[in-house]
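Read the structure below first, then the notes.
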Amino acid sequence: MADIRFYHLQRQTLEEALPKLMERVVDAGLSAHIKVPDRGMMETLNKVLWDYDPASFLPHDMEGCEHPDEQMLYLTTGDEKVNGASVLVLIDAVASPDVADYDRCLYMFDGRNEDVVAAAREAWKGFKSMEGEMSYWQQREMGGWEQKA
């Protein structure tokens, strides 16, 4: 069962927070399946992962690319685990029937969107019925993350 970590975005946007978390995934030698709600967000995050820091490189691509199985970070709207990822990233209340197939699930949600927050609360309740570790992380005022539960 996956180690499920909820990341409540309050002080930074997803576009600011996701690259830093993905740096940690890549630095650990892991790969991630990043599931987003729609193609528009997928294209936005693709650009963000290329441009967020000129001194960094996050190896990634998105749904429709030529070699999805070779991507460390794979952005998609689907559930098919094409890159052998051990980390599942769920963005803004998207669901996946395959959470248990991953070692870790990072559930990132925008705390400024009440619909997304409500969906995250329901997801938390649903995941509590599954086996595995769960944690809830909130952004610190000065940056970084603090575990709250």
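A note on labels: chains of the structure tokens are A, B, ... as shown, every chain counts residues from 1, and ligands are counted from 1 in their shown order.
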
If you count only C-alpha atoms, which residues fall within 10 Å of region 134-149 of chain A, apart from same-chain ones fewer than 3 positions away, as a list in words?
->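 Here the answer would be Ala2, Asp3, Ile4, Arg5, Phe6, Tyr7, His8, Leu9, Gln10, Arg11, Gln12, Ala17, Lys20, Arg104, Cys105, Leu106, Tyr107, Met108, Gly111, Trp124, Phe127, Lys128, Met130 and Glu131 of chain A.
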
Next, the residues of the selection above should be written as an mmCIF file, in the first residue's frame with N, CA, C and O atoms.
data_model
loop_
_atom_site.group_PDB
_atom_site.id
_atom_site.type_symbol
_atom_site.label_atom_id
_atom_site.label_comp_id
_atom_site.auth_asym_id
_atom_site.auth_seq_id
_atom_site.Cartn_x
_atom_site.Cartn_y
_atom_site.Cartn_z
ATOM 1 N N ALA A 2 0.406 2.258 -0.644
ATOM 2 C CA ALA A 2 1.140 3.509 -0.797
ATOM 3 C C ALA A 2 1.205 4.306 0.506
ATOM 4 O O ALA A 2 0.293 4.277 1.323
ATOM 5 N N ASP A 3 2.302 5.005 0.645
ATOM 6 C CA ASP A 3 2.466 6.042 1.658
ATOM 7 C C ASP A 3 1.795 7.272 1.039
ATOM 8 O O ASP A 3 2.244 7.764 0.004
ATOM 9 N N ILE A 4 0.695 7.746 1.625
ATOM 10 C CA ILE A 4 -0.097 8.819 1.025
ATOM 11 C C ILE A 4 0.175 10.124 1.768
ATOM 12 O O ILE A 4 0.000 10.196 2.989
ATOM 13 N N ARG A 5 0.599 11.121 1.019
ATOM 14 C CA ARG A 5 0.936 12.426 1.594
ATOM 15 C C ARG A 5 0.087 13.504 0.935
ATOM 16 O O ARG A 5 0.144 13.687 -0.272
ATOM 17 N N PHE A 6 -0.703 14.193 1.747
ATOM 18 C CA PHE A 6 -1.521 15.299 1.261
ATOM 19 C C PHE A 6 -0.721 16.596 1.415
ATOM 20 O O PHE A 6 -0.212 16.873 2.499
ATOM 21 N N TYR A 7 -0.614 17.353 0.327
ATOM 22 C CA TYR A 7 0.081 18.631 0.331
ATOM 23 C C TYR A 7 -0.927 19.735 0.067
ATOM 24 O O TYR A 7 -1.446 19.860 -1.030
ATOM 25 N N HIS A 8 -1.185 20.522 1.111
ATOM 26 C CA HIS A 8 -2.180 21.589 1.083
ATOM 27 C C HIS A 8 -1.494 22.886 0.666
ATOM 28 O O HIS A 8 -0.749 23.483 1.442
ATOM 29 N N LEU A 9 -1.731 23.306 -0.564
ATOM 30 C CA LEU A 9 -1.113 24.523 -1.095
ATOM 31 C C LEU A 9 -1.881 25.737 -0.611
ATOM 32 O O LEU A 9 -3.062 25.893 -0.911
ATOM 33 N N GLN A 10 -1.190 26.586 0.146
ATOM 34 C CA GLN A 10 -1.829 27.786 0.659
ATOM 35 C C GLN A 10 -1.036 29.049 0.340
ATOM 36 O O GLN A 10 -1.611 30.081 0.074
ATOM 37 N N ARG A 11 0.274 28.969 0.412
ATOM 38 C CA ARG A 11 1.112 30.139 0.230
ATOM 39 C C ARG A 11 1.790 30.184 -1.138
ATOM 40 O O ARG A 11 2.195 31.237 -1.591
ATOM 41 N N GLN A 12 1.940 29.041 -1.755
ATOM 42 C CA GLN A 12 2.527 28.960 -3.083
ATOM 43 C C GLN A 12 1.500 28.356 -4.030
ATOM 44 O O GLN A 12 0.611 27.630 -3.610
ATOM 45 N N ALA A 17 5.261 25.061 -6.299
ATOM 46 C CA ALA A 17 5.549 23.957 -5.378
ATOM 47 C C ALA A 17 5.911 22.644 -6.072
ATOM 48 O O ALA A 17 6.778 21.906 -5.596
ATOM 49 N N LYS A 20 9.725 21.775 -6.968
ATOM 50 C CA LYS A 20 10.570 21.462 -5.799
ATOM 51 C C LYS A 20 10.326 20.031 -5.308
ATOM 52 O O LYS A 20 11.269 19.318 -4.969
ATOM 53 N N ARG A 104 4.308 5.439 -3.189
ATOM 54 C CA ARG A 104 3.986 6.720 -2.569
ATOM 55 C C ARG A 104 2.994 7.461 -3.451
ATOM 56 O O ARG A 104 3.091 7.424 -4.666
ATOM 57 N N CYS A 105 2.071 8.161 -2.802
ATOM 58 C CA CYS A 105 1.114 9.016 -3.502
ATOM 59 C C CYS A 105 1.211 10.413 -2.893
ATOM 60 O O CYS A 105 1.082 10.571 -1.675
ATOM 61 N N LEU A 106 1.461 11.401 -3.745
ATOM 62 C CA LEU A 106 1.497 12.800 -3.327
ATOM 63 C C LEU A 106 0.227 13.456 -3.852
ATOM 64 O O LEU A 106 0.039 13.585 -5.050
ATOM 65 N N TYR A 107 -0.639 13.831 -2.941
ATOM 66 C CA TYR A 107 -1.940 14.413 -3.290
ATOM 67 C C TYR A 107 -1.826 15.915 -3.057
ATOM 68 O O TYR A 107 -1.853 16.378 -1.922
ATOM 69 N N MET A 108 -1.655 16.686 -4.131
ATOM 70 C CA MET A 108 -1.455 18.126 -4.026
ATOM 71 C C MET A 108 -2.757 18.845 -4.367
ATOM 72 O O MET A 108 -3.350 18.582 -5.416
ATOM 73 N N GLY A 111 -5.501 25.074 -1.724
ATOM 74 C CA GLY A 111 -6.296 25.446 -0.561
ATOM 75 C C GLY A 111 -7.152 26.676 -0.765
ATOM 76 O O GLY A 111 -7.973 27.017 0.084
ATOM 77 N N TRP A 124 -9.333 12.085 1.605
ATOM 78 C CA TRP A 124 -8.671 11.720 2.868
ATOM 79 C C TRP A 124 -9.481 10.635 3.585
ATOM 80 O O TRP A 124 -8.931 9.636 4.026
ATOM 81 N N PHE A 127 -9.129 7.319 1.688
ATOM 82 C CA PHE A 127 -7.814 6.699 1.858
ATOM 83 C C PHE A 127 -7.631 6.139 3.271
ATOM 84 O O PHE A 127 -6.893 5.179 3.457
ATOM 85 N N LYS A 128 -8.299 6.733 4.267
ATOM 86 C CA LYS A 128 -8.171 6.247 5.647
ATOM 87 C C LYS A 128 -8.660 4.811 5.788
ATOM 88 O O LYS A 128 -8.206 4.089 6.661
ATOM 89 N N MET A 130 -8.075 2.506 3.709
ATOM 90 C CA MET A 130 -7.082 1.625 3.090
ATOM 91 C C MET A 130 -5.909 1.430 4.058
ATOM 92 O O MET A 130 -5.686 2.243 4.944
ATOM 93 N N GLU A 131 -5.167 0.361 3.840
ATOM 94 C CA GLU A 131 -3.962 0.158 4.637
ATOM 95 C C GLU A 131 -2.878 1.095 4.135
ATOM 96 O O GLU A 131 -2.854 1.456 2.977
#

If we count only C-alpha atoms, what is near region 80-82 of chain A at a cut-off of 10 Å, once residues fewer than 3 positions away on the same chain are taken out, given as number ranges by chain?
-> A: 32-33, 35, 63, 67-71, 74, 76-77, 85-86, 88, 96, 98, 101-102

Selection from above, N, CA and C atoms, as a PDB file, in the first residue's frame, can you write it?
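As a result, selection-v8.pdb now contains:
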ATOM      1  N   ALA A  32       7.900   9.370 -11.442  1.00  0.00           N
ATOM      2  CA  ALA A  32       6.556   9.753 -11.007  1.00  0.00           C
ATOM      3  C   ALA A  32       5.586   9.800 -12.185  1.00  0.00           C
ATOM      4  N   HIS A  33       4.373   9.374 -11.900  1.00  0.00           N
ATOM      5  CA  HIS A  33       3.206   9.486 -12.786  1.00  0.00           C
ATOM      6  C   HIS A  33       2.417  10.664 -12.219  1.00  0.00           C
ATOM      7  N   LYS A  35      -0.713  12.863 -12.459  1.00  0.00           N
ATOM      8  CA  LYS A  35      -2.053  12.908 -13.064  1.00  0.00           C
ATOM      9  C   LYS A  35      -2.707  14.256 -12.782  1.00  0.00           C
ATOM     10  N   GLU A  63       1.784  13.229 -21.788  1.00  0.00           N
ATOM     11  CA  GLU A  63       0.910  12.359 -22.588  1.00  0.00           C
ATOM     12  C   GLU A  63       0.992  12.737 -24.060  1.00  0.00           C
ATOM     13  N   HIS A  67       8.115   8.614 -26.333  1.00  0.00           N
ATOM     14  CA  HIS A  67       8.622   7.531 -25.483  1.00  0.00           C
ATOM     15  C   HIS A  67       8.176   7.709 -24.024  1.00  0.00           C
ATOM     16  N   PRO A  68       6.897   7.522 -23.732  1.00  0.00           N
ATOM     17  CA  PRO A  68       6.427   7.729 -22.357  1.00  0.00           C
ATOM     18  C   PRO A  68       7.081   6.775 -21.358  1.00  0.00           C
ATOM     19  N   ASP A  69       7.463   5.594 -21.799  1.00  0.00           N
ATOM     20  CA  ASP A  69       8.061   4.602 -20.909  1.00  0.00           C
ATOM     21  C   ASP A  69       9.456   5.000 -20.433  1.00  0.00           C
ATOM     22  N   GLU A  70      10.067   6.006 -21.048  1.00  0.00           N
ATOM     23  CA  GLU A  70      11.417   6.436 -20.683  1.00  0.00           C
ATOM     24  C   GLU A  70      11.427   7.683 -19.806  1.00  0.00           C
ATOM     25  N   GLN A  71      10.277   8.182 -19.433  1.00  0.00           N
ATOM     26  CA  GLN A  71      10.190   9.453 -18.697  1.00  0.00           C
ATOM     27  C   GLN A  71      10.266   9.244 -17.190  1.00  0.00           C
ATOM     28  N   TYR A  74       6.202  11.868 -15.704  1.00  0.00           N
ATOM     29  CA  TYR A  74       5.270  11.750 -16.828  1.00  0.00           C
ATOM     30  C   TYR A  74       3.957  12.421 -16.475  1.00  0.00           C
ATOM     31  N   THR A  76       0.128  13.384 -17.262  1.00  0.00           N
ATOM     32  CA  THR A  76      -0.951  12.737 -17.999  1.00  0.00           C
ATOM     33  C   THR A  76      -2.303  13.038 -17.356  1.00  0.00           C
ATOM     34  N   THR A  77      -3.352  12.813 -18.129  1.00  0.00           N
ATOM     35  CA  THR A  77      -4.717  12.872 -17.593  1.00  0.00           C
ATOM     36  C   THR A  77      -5.237  11.456 -17.334  1.00  0.00           C
ATOM     37  N   ALA A  85       6.479   4.052 -12.811  1.00  0.00           N
ATOM     38  CA  ALA A  85       6.644   4.959 -11.673  1.00  0.00           C
ATOM     39  C   ALA A  85       6.342   4.273 -10.341  1.00  0.00           C
ATOM     40  N   SER A  86       7.079   4.698  -9.324  1.00  0.00           N
ATOM     41  CA  SER A  86       6.794   4.258  -7.960  1.00  0.00           C
ATOM     42  C   SER A  86       6.061   5.344  -7.178  1.00  0.00           C
ATOM     43  N   LEU A  88       3.017   8.279  -7.396  1.00  0.00           N
ATOM     44  CA  LEU A  88       1.839   8.819  -8.076  1.00  0.00           C
ATOM     45  C   LEU A  88       1.577  10.206  -7.510  1.00  0.00           C
ATOM     46  N   SER A  96      -7.593   8.317  -8.725  1.00  0.00           N
ATOM     47  CA  SER A  96      -6.972   7.207  -9.447  1.00  0.00           C
ATOM     48  C   SER A  96      -7.395   5.910  -8.783  1.00  0.00           C
ATOM     49  N   ASP A  98      -5.735   3.301  -8.968  1.00  0.00           N
ATOM     50  CA  ASP A  98      -4.522   2.493  -8.846  1.00  0.00           C
ATOM     51  C   ASP A  98      -3.559   2.962  -7.763  1.00  0.00           C
ATOM     52  N   ASP A 101      -1.036   0.622  -6.277  1.00  0.00           N
ATOM     53  CA  ASP A 101       0.021   0.099  -7.140  1.00  0.00           C
ATOM     54  C   ASP A 101       1.314   0.907  -7.050  1.00  0.00           C
ATOM     55  N   TYR A 102       1.330   1.937  -6.232  1.00  0.00           N
ATOM     56  CA  TYR A 102       2.491   2.813  -6.085  1.00  0.00           C
ATOM     57  C   TYR A 102       3.040   2.720  -4.660  1.00  0.00           C
TER      58      TYR A 102
END

Met41 (chain A): which residues within 10 Å, counting only C-alpha atoms, same-chain residues fewer than 4 positions away excluded, as a ChimeraX atom specification?
-> /A:15,35-37,45-47,75-77,91

Residues as selected, N, CA and C atoms, written as a tab-separated table (two decimals), in the first residue's frame, can you do that?
chain	number	residue	atom	x	y	z
A	15	GLU	N	2.30	25.68	-9.44
A	15	GLU	CA	3.42	25.92	-10.36
A	15	GLU	C	4.72	26.22	-9.62
A	35	LYS	N	-0.71	12.86	-12.46
A	35	LYS	CA	-2.05	12.91	-13.06
A	35	LYS	C	-2.71	14.26	-12.78
A	36	VAL	N	-3.13	14.92	-13.86
A	36	VAL	CA	-3.74	16.24	-13.79
A	36	VAL	C	-5.19	16.17	-14.28
A	37	PRO	N	-6.01	17.17	-13.94
A	37	PRO	CA	-7.42	17.11	-14.32
A	37	PRO	C	-7.72	17.35	-15.80
A	45	LEU	N	1.89	22.76	-16.72
A	45	LEU	CA	2.91	22.16	-15.86
A	45	LEU	C	4.11	21.66	-16.66
A	46	ASN	N	3.89	21.22	-17.88
A	46	ASN	CA	4.99	20.83	-18.75
A	46	ASN	C	5.94	22.01	-18.94
A	47	LYS	N	5.37	23.17	-19.24
A	47	LYS	CA	6.18	24.39	-19.43
A	47	LYS	C	6.86	24.78	-18.12
A	75	LEU	N	3.63	13.50	-17.18
A	75	LEU	CA	2.38	14.25	-17.00
A	75	LEU	C	1.29	13.64	-17.87
A	76	THR	N	0.13	13.38	-17.26
A	76	THR	CA	-0.95	12.74	-18.00
A	76	THR	C	-2.30	13.04	-17.36
A	77	THR	N	-3.35	12.81	-18.13
A	77	THR	CA	-4.72	12.87	-17.59
A	77	THR	C	-5.24	11.46	-17.33
A	91	ILE	N	-3.14	15.75	-8.77
A	91	ILE	CA	-3.24	17.20	-8.73
A	91	ILE	C	-4.70	17.65	-8.69

Between CA of Pro97 (chain A) and CA of Asp79 (chain A) - distance in Å to one decimal = 7.8 Å

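Among the residues of region 28-110 of chain A, backbone DSSP assigns alpha helix (DSSP H) to Arg39, Gly40, Met41, Met42, Glu43, Thr44, Leu45, Asn46, Lys47, Val48, Leu49, Trp50 and Asp51 of chain A.
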
Go ahead and dump the residues you just picked, N, CA and C atoms, as a compact mmCIF listing (two decimals), in the first residue's frame.
# COMPACT_ATOMS: atom_id res chain seq x y z
N ARG A 39 -6.06 18.70 -20.01
CA ARG A 39 -4.92 18.94 -20.92
C ARG A 39 -4.30 20.32 -20.72
N GLY A 40 -5.13 21.33 -20.44
CA GLY A 40 -4.62 22.68 -20.22
C GLY A 40 -3.63 22.74 -19.06
N MET A 41 -3.99 22.10 -17.95
CA MET A 41 -3.08 22.08 -16.80
C MET A 41 -1.83 21.27 -17.12
N MET A 42 -2.01 20.18 -17.86
CA MET A 42 -0.86 19.35 -18.24
C MET A 42 0.14 20.18 -19.05
N GLU A 43 -0.34 20.95 -20.00
CA GLU A 43 0.54 21.77 -20.83
C GLU A 43 1.20 22.88 -20.01
N THR A 44 0.46 23.46 -19.08
CA THR A 44 1.02 24.49 -18.20
C THR A 44 2.14 23.91 -17.35
N LEU A 45 1.89 22.76 -16.72
CA LEU A 45 2.91 22.16 -15.86
C LEU A 45 4.11 21.66 -16.66
N ASN A 46 3.89 21.22 -17.88
CA ASN A 46 4.99 20.83 -18.75
C ASN A 46 5.94 22.01 -18.94
N LYS A 47 5.37 23.17 -19.24
CA LYS A 47 6.18 24.39 -19.43
C LYS A 47 6.86 24.78 -18.12
N VAL A 48 6.15 24.70 -17.02
CA VAL A 48 6.71 25.06 -15.72
C VAL A 48 7.92 24.18 -15.40
N LEU A 49 7.81 22.88 -15.63
CA LEU A 49 8.92 21.97 -15.31
C LEU A 49 10.14 22.22 -16.19
N TRP A 50 9.94 22.76 -17.38
CA TRP A 50 11.07 23.13 -18.24
C TRP A 50 11.68 24.45 -17.80
N ASP A 51 10.86 25.42 -17.39
CA ASP A 51 11.31 26.80 -17.23
C ASP A 51 11.54 27.27 -15.79

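Minimum atom-to-atom distance to Val87 (chain A), evaluated using only C-alpha atoms, belongs to A:Gly29 out of A:Pro54, A:Gly64, A:Pro59, A:Gly29.
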
Expected answer as a ChimeraX atom specification: strand (DSSP E) residues in region 12-140 of chain A = /A:32-35,60-62,73-76,87-91,104-110,134-139

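Distances from A:Glu23, A:Glu133, A:Glu66, A:Asp92 to Ala118 (chain A) were compared using only C-alpha atoms, and the smallest one belongs to A:Asp92.
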
Pick the closest to Asp103 (chain A) from A:Gly78, A:Gly84, A:Gly126, A:Pro19: which is it, counting only C-alpha atoms?
->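 The shortest atom-to-atom distance to Asp103 (chain A) comes from A:Gly84.
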
Between CA of Glu16 (chain A) and CA of Phe109 (chain A), what is the distance, to one decimal in Å?
-> 12.8 Å

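What separates CA of Leu90 (chain A) from CA of Ile34 (chain A) is a distance of 6.2 Å.
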
Which residue of A:Cys65, A:Val94, A:Leu58, A:Val116 approaches Leu30 (chain A) most closely, using only C-alpha atoms = A:Leu58
